[in-house]
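Contents: one structure, followed by commentary.
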Amino acid sequence: MSAARTPDDTRTVLDAAEITRALTRVAHEIVERAKGADDLVLLGIPTRGVFLAQRVAERIRAIEDREVPVGALDITMYRDDLRRAPARALLPTEIPPGGIDDKVVVLVDDVLYSGRTIRAALDAINDIGRPRAVQLAVLVDRGHRELPIRADYVGKNIPTSKSEKVHVLVAEHDGEDAVRISGHANGEDQ
Amino acid sequence: MSSTTYVIRHAQVLGGEPADLVLRDGVIAEVTAGGAASADGATEIDATGLVALPGLVDLHTHLREPGREDAETVESGSRAAAAGGFTAVFAMANTDPVADTAGTVEQVWRLGHEAGLVDVQPVGAVTLGLGGQQLAELGAMATSAAQVRVFSDDGKCVHDAVIMRRALEYVKAFDGVVAQHAQEPRLT
Amino acid sequence: MKRHLLSAADLDRDDALLVLDTAAELAQLTDRAVKKLPTLRGRTVVNLFFEDSTRTRISFEAAAKRLSADVINFSAKGSSVSKGESLKDTALTLEAMGADAVVIRHHASGAPHRLAHSGWIQGSVVNAGDGTHEHPTQSLLDAFTMRRHLAGGKGDLEGRKITIVGDVLHSRVARSNVLLLATLGAEVTLVAPPTLLPVGVETWPCATSYDFDAHLKDADAVMMLRVQRERMNAAFFPSAREYSRRYGLDARRMAQMPDHAIVMHPGPMNRGMEIAAEVADAPRSVIVEQVANGVSVRMAVLYLLLGGATLGDGTEA
């Protein structure tokens with residue numbers, strides 16, 4: 001078994017062009033669902049969610065010719081697993097100047113997995129303001145939810161084994177755009 | 001500085017053989033054998049039988065002013081000092097009022113300056129009123145026109161070890177010294 | 001981070017920057033409607049104060065409460081401590097109550113160290129000021145405030161010139177600041193009368209001077225320390241008037257500081273003694289901001305010590 005755990009077992013499931021297409025589609029869906037509403041706010045979850053949110057905002061600008069405020073929402077202080085690791089450094093939270101009260105907030109993250117991050121994000125939003133609605137956009141939904149949470153917009157559904165790891169790379173942070181999976185698909189957790 | 005030239009003739013420098021001292025612009029420009037210096041345009045002073053020494057400094061005088069002008073004044077003390085070969089005198093602080101403030105030390109310094117005979121350097125009291133209880137404003141005296149650098153409670157002595165330690169430390173800030181009678185006042 | 005925060009020297013450069021960066025994020029909370037985070041829910045923070053210090057205690061209390069910790073204030077006055085209970089017995093009581101962190105203020109230098117290393121309690125110990133020794137969270141909030149004004153709120157304080165003036169001898173604030181600011185690359189000059197500089201100060205990572213005026217023109221920050229009038233009676237200086245003239249920050253001295261330079265004071269101030277009222281209230285005075293930053297920095301410290309997994313004694317994470 002362990003013999004197969006080499007860097008070679010990493011496979012690319014989305015390349016740069018596919019990521020671009022997926023984000024463009026997500027942008028269209030957000031616009032479609034908003035029905036021209038001008039109260040959208042995109043909040044990316046650091047680190048990579050923020051870059052994805054900025055890209056979605058650019059697509060919306062291209063489609064609709066209007067600006068959508070983009071912010072960042074760090075959920076570290078709301079995590080439910082803080083005591084399982086040493087205290088983590090905080091990542092930036094930046095709420096756009098207009099705030100989120102009575103807005104439609106679209107949370108943007110790279111991977112939707114257990115749903116615990118999104119649960120934490122919903123708690124964080126609750127302390128910041130009272131949006132009209134909260135929606136969720138993710139680049140990859142890999143399944144294995146542990147909470148009753150689902151995404152409103154999904155770039156790509158990628159069924160995975162729990163023993164696999166999903167790596168989302170974005171050019172702004174990692175120098176390239178790609179989604180890769182490493183590890184075994186036989187469903188065995190180590 | 002005076003541009004006058006003086007020739008002091010036949011002075012025994014530090015008690016040695018008679019010599020002529022040529023003083024130009026306030027400094028000793030030349031020392032020659034007795035009677036050898038040119039007197040061209042100079043004021044001549046005959047010092048035959050006299051000894052030439054550097055200006056003497058008296059670190060411990062009592063000029064009594066202010067308060068006991070009947071006994072001595074800065075002016076009379078300056079005169080006596082100059083007559084005795086002293087060019088600088090340090091005036092102890094046990095005047096009335098005590099020289100424990102910038103105002104009093106400046107007054108003494110100014111009187112000395114006005115007398116114009118010797119440098120009168122007031123000594124500042126270490127403690128208020130020479131009382132030995134609380135430090136006087138040593139820094140204020142140091143930065144006053146008198147620029148006091150020597151502090152002493154003189155015959156009263158600083159008898160409290162803590163006050164003495166603080167005073168010794170405190171005057172480091174302006175390169176001051178504390179002068180002390182070598183005695184324990186409670187035993188004498 | 002180590003498990004305890006007893007001295008500013010416990011923080012290396014990375015630790016110090018982690019605290020400051022964390023505090024910078026947490027400072028945003030001040031602008032929010034709900035000034036609270038759930039992070040330390042179910043954890044207990046004890047404020048163990050053997051010395052009166054309302055401002056430090058309420059700062060720690062606000063910090064712990066904003067992180068949702070349960071806060072127990074244990075003041076030595078009117079408690080069993082005033083009836084002669086030892087530090088050990090007090091500590092054992094707190095341990096029995098399940099304290100995850102003990103924030104201790106004590107008149108004896110070294111009391112927090114004793115509490116942390118005696119094996120009496122399992123939780124983290126935060127030194128909130130011990131005797132004339134250290135006050136590390138004060139130095140962190142000072143560094144945080146300086147970084148905001150002098151370094152764009154990021155990174156360290158490399159090359160910044162900090163003048164700290166006053167009663168260094170009795171000041172835990174000065175000692176902690178010298179250590180932390182040196183770690184962050186700042187150049188610190190302590191200015192005091194010779195009587196108020198401690199023996200051995202030449203071994204500290206800073207310069208010393210007796211001449212305040214010489215250290216105004218190139219200062220990026222001037223921090224005034226509180227001078228207690230009682231020190232006058234112990235002959236550390238002759239009079240309030242002389243102290244204030246030689247070592248006080250008045251408008252004339254402030255005018256010699258560069259335009260960008262800030263005025264700081266850990267409080268409580270003696271207006272008219274070490275700092276003139278017009279200086280304390282000047283636009284470049286950041287004294288009130290220091291108080292606000294104190295809460296953010298103490299939140300960061302409590303989060304970093306308590307927010308993660310419990311570490312073994314002496315373990316670094």
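Going through the structure tokens in order, the chains are called A, B, and so on, while each chain numbers its residues from 1 and the ligands are numbered from 1 in the order shown.
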
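Neighbouring residues of region 280-282 of chain C at 12 Å or closer, counting only C-alpha atoms and skipping chain neighbours under 5 positions away, are Val222, Met223, Met224, Gly248, Leu249, Asp250, Ala251, Met254, Ala255, Ala261, Ile262, Val263, Met264, His265, Pro266, Gly267, Pro268, Met269, Asn270, Arg271, Gly272, Met273, Glu274, Ile275, Ile287, Val288 and Glu289 of chain C.
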
Would you kindly report the residues of chain C within 9 Å of chain B, using only C-alpha atoms, as number ranges by chain?
C: 192-196, 209-211, 232-239, 241-243, 245-246

Env of Arg21 (chain A): 12 Å cut, atoms = only C-alpha atoms, seq-sep filter 6 positions within chain, self excluded. Answer as a PyMOL selection string.
chain A and resi 14-15+27-28+55-56+59+139+154-156

Using only C-alpha atoms, which of the listed residues (A:Pro86, A:Gly183, A:Gly143, A:Gly129) sits closest to chain C?
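Once distances to chain C are computed over only C-alpha atoms, the minimum belongs to A:Pro86.
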
As number ranges by chain, please: the residues near Ala27 (chain C) (cut-off 10 Å, only C-alpha atoms, same-chain neighbours under 6 positions excluded).
C: 21, 35, 292-297, 299-300

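Considering only C-alpha atoms, the residue among A:Ala85, A:Ala151, A:Leu122, A:Ala34 positioned nearest to chain C is A:Ala85.
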
May I have the residues of chain C within 7 Å of chain A, counting only C-alpha atoms, written as a count of residues only?
14

Which polymer residues have any atom within 7 Å of an atom of Val168 (chain A), counting only C-alpha atoms, with same-chain residues fewer than 3 positions away left out, as number ranges by chain?
A: 110, 178-180

Go ahead and save the picked residues with all heavy atoms, as a compact mmCIF listing (two decimals), in the first residue's frame.
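The result, written out as out13.txt:
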# COMPACT_ATOMS: atom_id res chain seq x y z
N ASP A 110 -12.30 27.57 -1.47
CA ASP A 110 -11.74 26.71 -2.51
C ASP A 110 -12.36 25.31 -2.50
O ASP A 110 -12.80 24.83 -3.53
CB ASP A 110 -10.20 26.66 -2.43
CG ASP A 110 -9.68 26.38 -1.03
OD1 ASP A 110 -10.51 26.20 -0.10
OD2 ASP A 110 -8.45 26.35 -0.85
N ALA A 178 -4.44 25.19 -10.64
CA ALA A 178 -4.67 23.74 -10.82
C ALA A 178 -5.40 23.19 -9.60
O ALA A 178 -5.32 23.77 -8.51
CB ALA A 178 -3.34 23.01 -10.99
N VAL A 179 -6.14 22.14 -9.80
CA VAL A 179 -6.68 21.36 -8.69
C VAL A 179 -6.13 19.96 -8.82
O VAL A 179 -6.28 19.32 -9.88
CB VAL A 179 -8.22 21.33 -8.68
CG1 VAL A 179 -8.73 20.46 -7.53
CG2 VAL A 179 -8.79 22.74 -8.56
N ARG A 180 -5.46 19.47 -7.80
CA ARG A 180 -4.84 18.15 -7.85
C ARG A 180 -5.32 17.30 -6.69
O ARG A 180 -5.69 17.83 -5.63
CB ARG A 180 -3.31 18.27 -7.78
CG ARG A 180 -2.73 19.04 -8.94
CD ARG A 180 -1.29 18.65 -9.23
NE ARG A 180 -0.83 19.41 -10.38
CZ ARG A 180 -0.09 20.53 -10.29
NH1 ARG A 180 0.30 20.98 -9.12
NH2 ARG A 180 0.27 21.17 -11.38

How many Å lie between CA of Ala277 (chain C) and CA of Val165 (chain C), rounded to one decimal?
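So the two atoms, CA of Ala277 (chain C) and CA of Val165 (chain C), lie 16.7 Å apart.
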
List the neighbours of Pro66 (chain B) out to 9 Å using only C-alpha atoms; skip same-chain residues closer than 3 positions along the sequence, and give me the result as a PyMOL selection string.
chain B and resi 63+69+73-74+95-99+104+107-108

Just the strand (DSSP E or B) stuff from region 17-185 of chain A, please, per backbone DSSP, written as a ChimeraX atom specification.
/A:40-44,70-72,94,104-112,133-141,153-157,165-169,178-182

For the selection just defined, write its residues with C-alpha atoms to a file, as a PDB file, in the first residue's frame.
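Once everything was written out, this is out_9.pdb:
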ATOM      1  CA  LEU A  40     -24.138  41.478  -3.605  1.00  0.00           C
ATOM      2  CA  VAL A  41     -21.022  41.166  -1.440  1.00  0.00           C
ATOM      3  CA  LEU A  42     -18.403  38.466  -2.009  1.00  0.00           C
ATOM      4  CA  LEU A  43     -16.504  37.290   1.050  1.00  0.00           C
ATOM      5  CA  GLY A  44     -13.569  35.010   0.354  1.00  0.00           C
ATOM      6  CA  VAL A  70     -15.079  41.813  -2.277  1.00  0.00           C
ATOM      7  CA  GLY A  71     -13.847  41.132   1.237  1.00  0.00           C
ATOM      8  CA  ALA A  72     -12.055  38.522   3.256  1.00  0.00           C
ATOM      9  CA  GLU A  94     -11.579  42.726   5.560  1.00  0.00           C
ATOM     10  CA  VAL A 104     -26.632  39.163  -0.155  1.00  0.00           C
ATOM     11  CA  VAL A 105     -23.331  37.719   1.010  1.00  0.00           C
ATOM     12  CA  VAL A 106     -21.724  35.056  -1.157  1.00  0.00           C
ATOM     13  CA  LEU A 107     -19.080  33.133   0.766  1.00  0.00           C
ATOM     14  CA  VAL A 108     -16.321  31.905  -1.522  1.00  0.00           C
ATOM     15  CA  ASP A 109     -14.006  29.038  -0.612  1.00  0.00           C
ATOM     16  CA  ASP A 110     -11.742  26.707  -2.515  1.00  0.00           C
ATOM     17  CA  VAL A 111     -12.898  23.307  -1.248  1.00  0.00           C
ATOM     18  CA  LEU A 112     -16.118  22.245   0.464  1.00  0.00           C
ATOM     19  CA  ALA A 133     -29.151  36.164   2.648  1.00  0.00           C
ATOM     20  CA  VAL A 134     -25.946  34.115   2.713  1.00  0.00           C
ATOM     21  CA  GLN A 135     -24.954  31.907  -0.196  1.00  0.00           C
ATOM     22  CA  LEU A 136     -21.966  29.665  -0.727  1.00  0.00           C
ATOM     23  CA  ALA A 137     -19.735  29.319  -3.780  1.00  0.00           C
ATOM     24  CA  VAL A 138     -16.898  26.791  -3.902  1.00  0.00           C
ATOM     25  CA  LEU A 139     -14.475  25.772  -6.598  1.00  0.00           C
ATOM     26  CA  VAL A 140     -14.510  22.110  -5.578  1.00  0.00           C
ATOM     27  CA  ASP A 141     -17.083  20.093  -3.650  1.00  0.00           C
ATOM     28  CA  TYR A 153     -22.597  27.367  -6.615  1.00  0.00           C
ATOM     29  CA  VAL A 154     -20.070  24.628  -7.332  1.00  0.00           C
ATOM     30  CA  GLY A 155     -17.214  24.873  -9.827  1.00  0.00           C
ATOM     31  CA  LYS A 156     -16.843  21.111  -9.964  1.00  0.00           C
ATOM     32  CA  ASN A 157     -18.059  18.177  -7.945  1.00  0.00           C
ATOM     33  CA  LYS A 165      -6.027  15.152  -0.317  1.00  0.00           C
ATOM     34  CA  VAL A 166      -7.337  17.902  -2.572  1.00  0.00           C
ATOM     35  CA  HIS A 167      -4.863  20.648  -3.448  1.00  0.00           C
ATOM     36  CA  VAL A 168      -6.216  23.851  -4.933  1.00  0.00           C
ATOM     37  CA  LEU A 169      -3.511  26.047  -6.429  1.00  0.00           C
ATOM     38  CA  ALA A 178      -4.670  23.745 -10.823  1.00  0.00           C
ATOM     39  CA  VAL A 179      -6.683  21.358  -8.689  1.00  0.00           C
ATOM     40  CA  ARG A 180      -4.835  18.145  -7.854  1.00  0.00           C
ATOM     41  CA  ILE A 181      -5.631  15.078  -5.825  1.00  0.00           C
ATOM     42  CA  SER A 182      -3.067  12.994  -4.042  1.00  0.00           C
TER      43      SER A 182
END

Coordinates-based distance that separates CA of Gly55 (chain B) from CA of Gly116 (chain B) (Å, one decimal)
14.8 Å

All helix (DSSP H, G or I) residues (DSSP, backbone) inside region 23-158 of chain C, as a PyMOL selection string:
chain C and resi 23-31+54-66+80-83+87-96+111-117+136-150

Give me the residues near region 2-14 of chain B as a count of residues only, where near means some atom within 8 Å (using only C-alpha atoms) and where sequence neighbours in that chain fewer than 5 positions away do not count.
25

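The interatomic distance for the pair CA of Ala82 (chain B) and CA of Val123 (chain B) works out to 18.9 Å.
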